[in-house]
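What follows is the content of input07.cif (mmCIF, C-alpha atoms).
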```cif
data_input
loop_
_atom_site.label_atom_id
_atom_site.label_comp_id
_atom_site.auth_asym_id
_atom_site.auth_seq_id
_atom_site.Cartn_x
_atom_site.Cartn_y
_atom_site.Cartn_z
CA MET A 1 69.96 66.35 118.86
CA SER A 2 71.48 67.30 115.55
CA ARG A 3 68.04 67.22 113.93
CA LEU A 4 67.01 69.89 116.36
CA ILE A 5 70.00 72.15 115.83
CA VAL A 6 69.78 72.49 112.05
CA PRO A 7 66.32 74.13 111.84
CA VAL A 8 67.27 76.44 114.68
CA LYS A 9 70.25 77.62 112.68
CA LYS A 10 68.15 78.10 109.55
CA ILE A 11 65.51 80.03 111.45
CA PHE A 12 68.21 82.19 112.99
CA ILE A 13 69.71 82.98 109.59
CA LEU A 14 66.25 83.73 108.20
CA LEU A 15 65.51 86.09 111.07
CA LEU A 16 68.86 87.79 110.58
CA LEU A 17 68.17 88.31 106.88
CA LEU A 18 64.72 89.66 107.65
CA ALA A 19 66.14 92.08 110.21
CA LEU A 20 68.84 93.20 107.75
CA SER A 21 66.40 93.81 104.90
CA PHE A 22 63.98 95.55 107.22
CA SER A 23 66.69 97.86 108.55
CA ALA A 24 67.85 98.60 105.00
CA LEU A 25 64.30 99.53 104.01
CA TRP A 26 63.88 101.55 107.18
CA ILE A 27 67.09 103.49 106.54
CA PHE A 28 66.04 104.09 102.93
CA PHE A 29 62.59 105.39 103.77
CA SER A 30 63.56 107.46 106.79
CA ALA A 31 66.31 109.34 104.93
CA PRO A 32 65.97 113.09 105.36
CA ALA A 33 64.32 114.99 102.56
CA ALA A 34 66.54 116.98 100.23
CA ALA A 35 65.55 120.27 101.85
CA GLU A 36 67.02 119.46 105.27
CA ARG A 37 70.35 118.02 104.13
CA ILE A 38 73.29 119.36 106.09
CA GLY A 39 75.48 119.83 102.99
CA ASP A 40 73.30 122.65 101.71
CA HIS A 41 73.51 124.28 105.13
CA TYR A 42 77.32 124.11 105.05
CA ILE A 43 77.40 125.62 101.56
CA SER A 44 75.11 128.45 102.65
CA ILE A 45 77.16 129.38 105.74
CA ASN A 46 80.57 128.83 104.10
CA GLY A 47 80.89 132.49 103.14
CA SER A 48 80.22 133.91 106.58
CA GLU A 49 82.03 131.28 108.67
CA MET A 50 84.97 130.12 106.53
CA GLY A 51 85.35 132.13 103.32
CA ALA A 52 87.07 129.23 101.56
CA ALA A 53 87.01 128.77 97.80
CA ASN A 54 87.19 124.98 98.21
CA ILE A 55 84.16 123.92 100.23
CA VAL A 56 85.45 120.34 100.66
CA THR A 57 88.39 121.62 102.69
CA ALA A 58 86.08 123.99 104.56
CA VAL A 59 83.99 121.01 105.64
CA LEU A 60 86.95 118.73 106.41
CA GLY A 61 89.04 121.28 108.27
CA GLY A 62 86.42 123.59 109.67
CA PHE A 63 82.91 122.28 110.11
CA ARG A 64 84.01 118.67 110.61
CA GLY A 65 87.45 119.39 112.07
CA LEU A 66 86.91 117.12 115.04
CA ASP A 67 86.32 114.16 112.70
CA THR A 68 89.56 115.00 110.89
CA LEU A 69 91.36 114.99 114.23
CA GLY A 70 89.98 111.51 114.91
CA GLU A 71 90.97 110.37 111.40
CA VAL A 72 94.54 111.57 111.85
CA THR A 73 94.64 109.82 115.24
CA ILE A 74 93.51 106.57 113.61
CA LEU A 75 96.27 106.92 111.00
CA PHE A 76 98.82 107.57 113.74
CA LEU A 77 97.71 104.52 115.71
CA SER A 78 97.79 102.22 112.68
CA THR A 79 101.27 103.33 111.58
CA THR A 80 102.49 102.92 115.16
CA GLY A 81 101.00 99.42 115.20
CA ILE A 82 102.72 98.47 111.95
CA GLY A 83 106.03 99.77 113.28
CA LEU A 84 105.55 97.78 116.48
CA ILE A 85 104.72 94.53 114.63
CA LEU A 86 107.67 94.94 112.25
CA SER A 87 110.08 95.62 115.11
CA MET A 88 108.78 92.56 116.99
CA GLY A 89 109.23 90.17 114.07
CA GLY A 90 112.36 91.86 112.76
CA GLN A 91 114.47 88.75 112.41
CA TYR A 92 111.92 87.18 110.06
CA PHE A 93 111.55 90.26 107.90
CA ARG A 94 113.09 90.20 104.43
CA TRP A 95 113.70 93.69 103.15
CA LEU A 96 113.24 94.35 99.44
CA GLN A 97 116.61 93.62 97.90
CA PHE A 98 115.82 93.77 94.20
CA ARG A 99 117.97 96.14 92.21
CA PRO A 100 115.99 99.20 91.04
CA HIS A 101 115.66 99.79 87.33
CA ALA A 102 118.09 102.23 85.70
CA VAL A 103 115.25 104.50 84.57
CA LEU A 104 113.99 104.92 88.14
CA THR A 105 117.49 105.48 89.50
CA ALA A 106 118.24 108.14 86.90
CA ALA A 107 114.90 109.91 87.17
CA ILE A 108 114.44 110.03 90.93
CA PRO A 109 116.70 113.05 91.75
CA TYR A 110 114.55 115.23 89.48
CA LEU A 111 111.27 113.44 90.12
CA PHE A 112 111.61 113.55 93.90
CA THR A 113 111.88 117.33 93.99
CA ALA A 114 108.92 117.71 91.63
CA ILE A 115 106.73 115.31 93.64
CA VAL A 116 107.52 116.95 96.98
CA PHE A 117 106.91 120.42 95.54
CA TYR A 118 103.58 119.24 94.13
CA GLY A 119 102.61 117.89 97.54
CA VAL A 120 103.55 121.17 99.22
CA TYR A 121 101.52 123.06 96.59
CA ILE A 122 98.47 120.88 97.28
CA ILE A 123 98.81 121.43 101.03
CA VAL A 124 99.36 125.19 100.86
CA HIS A 125 96.54 125.74 98.36
CA GLY A 126 94.18 123.43 100.25
CA HIS A 127 91.56 126.12 100.79
CA LEU A 128 91.71 127.33 97.17
CA SER A 129 92.05 124.34 94.85
CA PRO A 130 91.15 120.64 95.14
CA GLY A 131 93.16 118.80 97.72
CA GLY A 132 94.25 119.62 101.22
CA GLY A 133 96.41 118.33 104.00
CA PHE A 134 95.63 114.66 103.63
CA GLN A 135 96.14 114.48 99.86
CA GLY A 136 99.30 116.56 99.89
CA GLY A 137 100.80 114.50 102.70
CA ALA A 138 100.08 111.29 100.79
CA VAL A 139 101.74 112.73 97.66
CA ILE A 140 104.86 113.68 99.66
CA ALA A 141 104.96 110.19 101.16
CA THR A 142 104.82 108.71 97.64
CA GLY A 143 107.90 110.74 96.74
CA PHE A 144 109.75 109.42 99.78
CA MET A 145 108.63 105.89 98.91
CA LEU A 146 110.24 106.18 95.46
CA LEU A 147 113.40 107.55 97.08
CA PHE A 148 113.57 104.55 99.41
CA PHE A 149 113.00 102.21 96.47
CA THR A 150 116.05 103.50 94.62
CA ASP A 151 118.31 103.59 97.67
CA SER A 152 117.28 101.48 100.63
CA ASP A 153 120.19 102.84 102.69
CA HIS A 154 118.66 106.30 102.52
CA MET A 155 117.07 107.10 105.87
CA ILE A 156 115.18 109.95 107.46
CA LYS A 157 116.05 110.29 111.12
CA LYS A 158 113.40 108.65 113.27
CA LYS A 159 113.59 111.55 115.68
CA ALA A 160 112.78 114.06 112.92
CA ILE A 161 109.69 112.05 111.97
CA TYR A 162 108.50 111.82 115.57
CA ILE A 163 109.13 115.49 116.31
CA SER A 164 107.39 116.85 113.19
CA GLU A 165 104.47 114.47 113.70
CA SER A 166 103.85 115.28 117.34
CA LEU A 167 104.46 119.02 116.91
CA SER A 168 101.95 119.27 114.08
CA GLY A 169 99.38 117.23 116.00
CA LEU A 170 99.89 119.42 119.04
CA SER A 171 99.51 122.59 116.96
CA PHE A 172 96.25 121.26 115.50
CA VAL A 173 94.84 120.74 118.98
CA ILE A 174 96.17 124.13 120.14
CA LEU A 175 94.40 125.83 117.21
CA GLY A 176 91.23 124.01 118.20
CA VAL A 177 91.51 125.09 121.83
CA LEU A 178 92.25 128.68 120.73
CA GLY A 179 89.03 128.56 118.73
CA LEU A 180 87.25 127.32 121.85
CA VAL A 181 88.64 130.17 123.94
CA LEU A 182 88.43 133.04 121.43
CA ALA A 183 85.37 132.15 119.34
CA GLY A 184 83.32 129.85 121.51
CA SER A 185 83.62 126.39 120.01
CA PHE A 186 86.36 123.84 119.32
CA LEU A 187 88.22 124.48 116.02
CA MET A 188 86.15 127.62 115.37
CA ASN A 189 87.61 129.93 112.75
CA PHE A 190 88.93 132.79 114.90
CA LEU A 191 91.28 134.49 112.40
CA PRO A 192 89.91 137.11 109.98
CA HIS A 193 88.09 135.48 107.08
CA SER A 194 86.14 137.99 105.03
CA VAL A 195 84.39 136.96 101.84
CA ARG A 196 86.24 139.77 100.07
CA ASP A 197 89.53 137.86 100.36
CA THR A 198 88.17 134.55 99.09
CA GLY A 199 90.57 133.18 96.51
CA ARG A 200 93.70 134.76 97.93
CA LEU A 201 96.45 132.68 99.48
CA LEU A 202 96.06 134.33 102.87
CA SER A 203 92.35 133.95 103.38
CA ALA A 204 89.86 131.64 105.07
CA GLY A 205 91.24 132.28 108.57
CA THR A 206 92.64 129.19 110.25
CA LEU A 207 91.95 126.79 107.35
CA PRO A 208 95.40 127.09 105.66
CA LEU A 209 97.12 126.54 109.03
CA LEU A 210 94.96 123.50 109.77
CA SER A 211 95.63 121.91 106.37
CA LEU A 212 99.36 122.67 106.78
CA PHE A 213 99.45 120.82 110.11
CA ILE A 214 97.42 117.89 108.75
CA GLY A 215 99.75 117.74 105.75
CA ILE A 216 102.92 117.64 107.87
CA LYS A 217 101.42 115.01 110.14
CA VAL A 218 100.15 112.72 107.37
CA GLY A 219 103.33 113.13 105.32
CA ALA A 220 105.55 112.28 108.29
CA GLU A 221 103.42 109.29 109.27
CA LEU A 222 103.23 107.76 105.81
CA SER A 223 106.92 108.43 105.08
CA GLY A 224 107.80 106.72 108.36
CA LEU A 225 105.59 103.80 107.34
CA ALA A 226 107.34 103.51 103.96
CA GLN A 227 110.72 103.72 105.67
CA SER A 228 109.89 100.99 108.16
CA LEU A 229 108.67 98.77 105.30
CA ILE A 230 111.53 99.37 102.84
CA GLY A 231 114.51 100.81 104.72
CA ARG A 232 117.40 98.40 105.10
CA LYS A 233 118.90 99.69 108.33
CA GLU A 234 115.62 99.07 110.11
CA HIS A 235 116.30 95.33 109.84
CA LYS A 236 119.96 94.76 110.47
CA GLU A 237 120.32 91.06 111.10
CA VAL A 238 117.97 89.76 108.45
CA ASP A 239 117.92 87.76 105.25
CA LYS A 240 120.61 85.19 105.92
CA MET B 1 78.70 113.11 75.31
CA MET B 2 82.49 113.16 75.36
CA ILE B 3 82.48 112.38 79.08
CA TYR B 4 80.18 109.38 78.60
CA PHE B 5 82.40 108.03 75.87
CA SER B 6 85.58 108.39 77.92
CA MET B 7 83.85 106.86 80.93
CA LEU B 8 82.87 103.86 78.80
CA VAL B 9 86.45 103.46 77.60
CA LEU B 10 87.72 103.74 81.18
CA PHE B 11 85.26 101.14 82.47
CA ILE B 12 86.24 98.68 79.72
CA LEU B 13 89.93 99.29 80.45
CA MET B 14 89.39 98.78 84.18
CA ASN B 15 87.56 95.50 83.62
CA VAL B 16 90.24 94.23 81.24
CA THR B 17 92.97 95.17 83.74
CA ALA B 18 91.07 93.45 86.55
CA LEU B 19 90.82 90.26 84.46
CA MET B 20 94.54 90.51 83.72
CA MET B 21 95.23 90.90 87.43
CA ILE B 22 93.29 87.71 88.22
CA LYS B 23 94.79 85.65 85.42
CA GLU B 24 98.37 86.83 85.91
CA LYS B 25 100.83 84.13 87.04
CA SER B 26 103.43 86.43 88.57
CA LEU B 27 102.25 88.13 91.75
CA PHE B 28 104.30 91.28 91.16
CA SER B 29 102.65 91.78 87.77
CA ALA B 30 99.29 91.37 89.47
CA VAL B 31 100.23 94.15 91.91
CA ALA B 32 101.24 96.36 88.97
CA ALA B 33 97.84 95.72 87.38
CA LEU B 34 96.14 96.57 90.68
CA SER B 35 97.91 99.91 90.92
CA PHE B 36 96.96 100.62 87.28
CA ILE B 37 93.31 100.03 88.22
CA GLY B 38 93.78 102.58 91.01
CA LEU B 39 95.15 105.08 88.50
CA LEU B 40 92.17 104.56 86.16
CA ALA B 41 89.80 104.87 89.11
CA SER B 42 91.33 108.23 89.99
CA VAL B 43 90.63 109.42 86.43
CA VAL B 44 87.02 108.24 86.84
CA PHE B 45 86.74 110.18 90.11
CA PHE B 46 88.10 113.27 88.39
CA LEU B 47 85.59 112.98 85.54
CA LEU B 48 82.76 112.54 88.03
CA GLY B 49 83.70 115.86 89.62
CA ALA B 50 85.60 114.76 92.74
CA PRO B 51 89.19 115.95 92.27
CA ASP B 52 89.88 115.64 96.02
CA VAL B 53 89.06 111.95 96.01
CA ALA B 54 91.00 111.53 92.76
CA LEU B 55 94.17 112.90 94.39
CA THR B 56 93.79 110.59 97.38
CA GLU B 57 93.14 107.59 95.15
CA ALA B 58 96.16 108.35 92.96
CA ALA B 59 98.49 108.66 95.95
CA MET B 60 97.09 105.94 98.19
CA GLY B 61 95.40 103.46 95.86
CA SER B 62 98.13 103.23 93.27
CA GLY B 63 101.17 104.30 95.30
CA LEU B 64 101.23 103.19 98.91
CA THR B 65 98.90 100.17 98.64
CA SER B 66 101.15 98.55 96.05
CA LEU B 67 104.11 99.07 98.41
CA VAL B 68 102.31 97.15 101.17
CA PHE B 69 101.43 94.36 98.73
CA VAL B 70 104.99 94.11 97.39
CA VAL B 71 106.42 93.88 100.91
CA ALA B 72 103.82 91.27 101.87
CA ILE B 73 104.59 89.15 98.78
CA ARG B 74 108.29 89.43 99.48
CA ASN B 75 107.79 88.17 103.03
CA THR B 76 105.61 85.16 102.27
CA ARG B 77 106.36 81.98 100.35
CA SER B 78 104.24 80.57 97.57
CA GLN B 79 102.90 77.07 98.16
CA VAL B 80 102.98 76.04 94.51
CA GLU B 81 106.30 77.06 93.02
CA ASP B 82 108.61 79.94 93.63
CA ILE B 83 107.02 82.17 91.02
CA ASN B 84 107.51 85.35 93.05
CA GLU B 85 111.18 85.64 92.33
#
```

Representation of the structure as structure tokens:
Amino acid sequence: MSRLIVPVKKIFILLLLLALSFSALWIFFSAPAAAERIGDHYISINGSEMGAANIVTAVLGGFRGLDTLGEVTILFLSTTGIGLILSMGGQYFRWLQFRPHAVLTAAIPYLFTAIVFYGVYIIVHGHLSPGGGFQGGAVIATGFMLLFFTDSDHMIKKKAIYISESLSGLSFVILGVLGLVLAGSFLMNFLPHSVRDTGRLLSAGTLPLLSLFIGIKVGAELSGLAQSLIGRKEHKEVDK
Amino acid sequence: MMIYFSMLVLFILMNVTALMMIKEKSLFSAVAALSFIGLLASVVFFLLGAPDVALTEAAMGSGLTSLVFVVAIRNTRSQVEDINE
């Protein structure tokens, strides 16, 4: 019996490898020619539809806004899952109790402000310079992470995190529905966005608003994640 | 030419740091080396003309990932010796 099984396995693996290599070749040869790539199309209609100086944000927030919505939802679900797991196994969780270095403790009051301001700058200038909601939110969360490292008693209110997160998510969807009603498709740019204004802070229609909401949402989610991983009061009866 | 040279230096540095990360006895030092690799990778992304990705890599790859690793190391015990502490 065993003599029969082994060749079957080998043949199966061989077939799998053949199928994999064939599909790789097929994907390689059936790739669209350079002329019909969708990126060039986005670049060509960026002026008339978005008017953003930073095309990456125009694609992420405007042309592919639905994908960004899904991405933010995935992030929300994963942070919720981590919070759930940590609250379930709370009595086994050892919070970080090492003493922070004096340099970090002395620097963080100045550094925290600078980091958060940099994150806000990235978010607000998402349609002008590199970056956007996601990057700025991650930078803000890094600042909060350093704050929690120096002082694990420091807490943001859970309610504040939940409220800012759900409000910004709701506003993102409302902007999308407004685009559906006013301009004809979900997340369509319905505010004025003339090419003349490209480069100004108030330009590109709904794009700055969208990146602001994404930034608040991502920043709140990742800060909440850092708090549930580091914060001491999350795990009261631990580390005996 | 300058960009190629700096890319070469960055690649060598990244490889050396990765070797250090593997060979390191203390797990926390290995995490520090990992986050340094993330920092170098963000510089590489910037030189290749993707500042958006560089920002994400600097914040996520070298900031928040190391936090998750540190918490995970803190909450598990080593089978060999207690070298984490």

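The spacing separating atom CA of Ser171 of chain A from atom CA of Ala53 of chain A amounts to 23.7 Å.
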
Determine, for each residue of chain B having at least one atom at most 12 Å from an atom of chain A, the closest pair of atoms and their separation in Å to one decimal, counting all atoms listed in the file; order by chain and ascending number, as CSV.
```
residue,atom,partner,partner_atom,distance
B:Phe46,CA,A:Pro130,CA,10.4
B:Gly49,CA,A:Pro130,CA,10.4
B:Ala50,CA,A:Pro130,CA,8.4
B:Pro51,CA,A:Pro130,CA,5.8
B:Asp52,CA,A:Gly131,CA,4.9
B:Val53,CA,A:Gly131,CA,8.2
B:Ala54,CA,A:Gly131,CA,9.1
B:Leu55,CA,A:Gln135,CA,6.0
B:Thr56,CA,A:Gln135,CA,5.2
B:Glu57,CA,A:Gln135,CA,8.9
B:Ala58,CA,A:Val139,CA,8.5
B:Ala59,CA,A:Val139,CA,5.5
B:Met60,CA,A:Ala138,CA,6.7
B:Gly61,CA,A:Ala138,CA,10.4
B:Ser62,CA,A:Thr142,CA,9.7
B:Gly63,CA,A:Thr142,CA,6.2
B:Leu64,CA,A:Thr142,CA,6.7
B:Thr65,CA,A:Thr142,CA,10.4
B:Ser66,CA,A:Met145,CA,10.9
B:Leu67,CA,A:Ala226,CA,7.8
B:Val68,CA,A:Leu229,CA,7.8
B:Phe69,CA,A:Leu229,CA,10.7
B:Val70,CA,A:Leu96,CA,8.5
B:Val71,CA,A:Leu229,CA,6.9
B:Ala72,CA,A:Leu229,CA,9.6
B:Ile73,CA,A:Leu96,CA,10.1
B:Arg74,CA,A:Arg94,CA,6.9
B:Asn75,CA,A:Arg94,CA,5.8
B:Thr76,CA,A:Arg94,CA,9.3
B:Arg77,CA,A:Arg94,CA,11.4
B:Asn84,CA,A:Phe98,CA,11.9
B:Glu85,CA,A:Phe98,CA,9.5
```

Could the residues in this selection be saved with C-alpha atoms as a JSON list (two decimals), in the coordinates of the input?
```json
[["chain", "number", "residue", "atom", "x", "y", "z"],
["B", 46, "PHE", "CA", 88.10, 113.27, 88.39],
["B", 49, "GLY", "CA", 83.70, 115.86, 89.62],
["B", 50, "ALA", "CA", 85.60, 114.76, 92.74],
["B", 51, "PRO", "CA", 89.19, 115.95, 92.27],
["B", 52, "ASP", "CA", 89.88, 115.64, 96.02],
["B", 53, "VAL", "CA", 89.06, 111.95, 96.01],
["B", 54, "ALA", "CA", 91.00, 111.53, 92.76],
["B", 55, "LEU", "CA", 94.17, 112.90, 94.39],
["B", 56, "THR", "CA", 93.79, 110.59, 97.38],
["B", 57, "GLU", "CA", 93.14, 107.59, 95.15],
["B", 58, "ALA", "CA", 96.16, 108.35, 92.96],
["B", 59, "ALA", "CA", 98.49, 108.66, 95.95],
["B", 60, "MET", "CA", 97.09, 105.94, 98.19],
["B", 61, "GLY", "CA", 95.40, 103.46, 95.86],
["B", 62, "SER", "CA", 98.13, 103.23, 93.27],
["B", 63, "GLY", "CA", 101.17, 104.30, 95.30],
["B", 64, "LEU", "CA", 101.23, 103.19, 98.91],
["B", 65, "THR", "CA", 98.90, 100.17, 98.64],
["B", 66, "SER", "CA", 101.15, 98.55, 96.05],
["B", 67, "LEU", "CA", 104.11, 99.07, 98.41],
["B", 68, "VAL", "CA", 102.31, 97.15, 101.17],
["B", 69, "PHE", "CA", 101.43, 94.36, 98.73],
["B", 70, "VAL", "CA", 104.99, 94.11, 97.39],
["B", 71, "VAL", "CA", 106.42, 93.88, 100.91],
["B", 72, "ALA", "CA", 103.82, 91.27, 101.87],
["B", 73, "ILE", "CA", 104.59, 89.15, 98.78],
["B", 74, "ARG", "CA", 108.29, 89.43, 99.48],
["B", 75, "ASN", "CA", 107.79, 88.17, 103.03],
["B", 76, "THR", "CA", 105.61, 85.16, 102.27],
["B", 77, "ARG", "CA", 106.36, 81.98, 100.35],
["B", 84, "ASN", "CA", 107.51, 85.35, 93.05],
["B", 85, "GLU", "CA", 111.18, 85.64, 92.33]]
```

Item to check | Between atom CA of Leu75 of chain A and atom CA of Ser166 of chain A, distance in Å (one decimal) | outcome: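 Separation of atom CA of Leu75 of chain A and atom CA of Ser166 of chain A: 12.9 Å.
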
Next on the checklist: So, with all atoms listed in the file as the atoms that count, which of A:Ile85, A:Ile13, A:Leu175, A:Ala204 lies closest to Ala58 of chain A?
Outcome noted: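 Result for the nearest residue to Ala58 of chain A: A:Ala204.
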
Item to check | Closest of B:Leu48, B:Leu27, B:Ile37, B:Val43 to Leu13 of chain B - atom-to-atom distances counting only C-alpha atoms | outcome: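 Closest to Leu13 of chain B of all the choices is B:Ile37.
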
Checklist outcome for this item: Between atom CA of Ala220 of chain A and atom CA of Leu60 of chain A lies a distance of 19.8 Å

Item to check | Resolved residues for the PyMOL selection byres ((chain B and resi 18) around 12) as a ChimeraX atom specification | outcome: /B:11-17,19-24,29-38,40-41

Checklist entry - For Leu201 of chain A, which of A:Glu49, A:Ile123, A:Phe63, A:Ser168 is the closest residue, counting all atoms listed in the file? => result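 Answer, going by the shortest atom-to-atom distance: A:Ile123.
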
Find the residues near segment 188-198 of chain A: any atom within 9 Å, counting all atoms listed in the file, skip ones fewer than 3 places away on the same chain, and give them as a PDB file with C-alpha atoms, in the coordinates of the input.
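Output file selection14.pdb is given in full below:
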```pdb
ATOM      1  CA  GLY A  47      80.890 132.490 103.140  1.00  0.00           C
ATOM      2  CA  SER A  48      80.220 133.910 106.580  1.00  0.00           C
ATOM      3  CA  GLU A  49      82.030 131.280 108.670  1.00  0.00           C
ATOM      4  CA  MET A  50      84.970 130.120 106.530  1.00  0.00           C
ATOM      5  CA  GLY A  51      85.350 132.130 103.320  1.00  0.00           C
ATOM      6  CA  ALA A  52      87.070 129.230 101.560  1.00  0.00           C
ATOM      7  CA  ALA A  53      87.010 128.770  97.800  1.00  0.00           C
ATOM      8  CA  GLY A  62      86.420 123.590 109.670  1.00  0.00           C
ATOM      9  CA  PHE A  63      82.910 122.280 110.110  1.00  0.00           C
ATOM     10  CA  GLY A  65      87.450 119.390 112.070  1.00  0.00           C
ATOM     11  CA  LEU A 128      91.710 127.330  97.170  1.00  0.00           C
ATOM     12  CA  LEU A 175      94.400 125.830 117.210  1.00  0.00           C
ATOM     13  CA  GLY A 176      91.230 124.010 118.200  1.00  0.00           C
ATOM     14  CA  VAL A 177      91.510 125.090 121.830  1.00  0.00           C
ATOM     15  CA  LEU A 178      92.250 128.680 120.730  1.00  0.00           C
ATOM     16  CA  GLY A 179      89.030 128.560 118.730  1.00  0.00           C
ATOM     17  CA  LEU A 180      87.250 127.320 121.850  1.00  0.00           C
ATOM     18  CA  LEU A 182      88.430 133.040 121.430  1.00  0.00           C
ATOM     19  CA  ALA A 183      85.370 132.150 119.340  1.00  0.00           C
ATOM     20  CA  GLY A 184      83.320 129.850 121.510  1.00  0.00           C
ATOM     21  CA  SER A 185      83.620 126.390 120.010  1.00  0.00           C
ATOM     22  CA  LEU A 201      96.450 132.680  99.480  1.00  0.00           C
ATOM     23  CA  LEU A 202      96.060 134.330 102.870  1.00  0.00           C
ATOM     24  CA  SER A 203      92.350 133.950 103.380  1.00  0.00           C
ATOM     25  CA  ALA A 204      89.860 131.640 105.070  1.00  0.00           C
ATOM     26  CA  GLY A 205      91.240 132.280 108.570  1.00  0.00           C
ATOM     27  CA  THR A 206      92.640 129.190 110.250  1.00  0.00           C
ATOM     28  CA  LEU A 207      91.950 126.790 107.350  1.00  0.00           C
TER      29      LEU A 207
END
```

Checklist entry - Residues at most 12 Å from Ser164 of chain A, counting all atoms listed in the file, excluding those fewer than 2 positions away in the same chain, as a count of residues only? => result 25
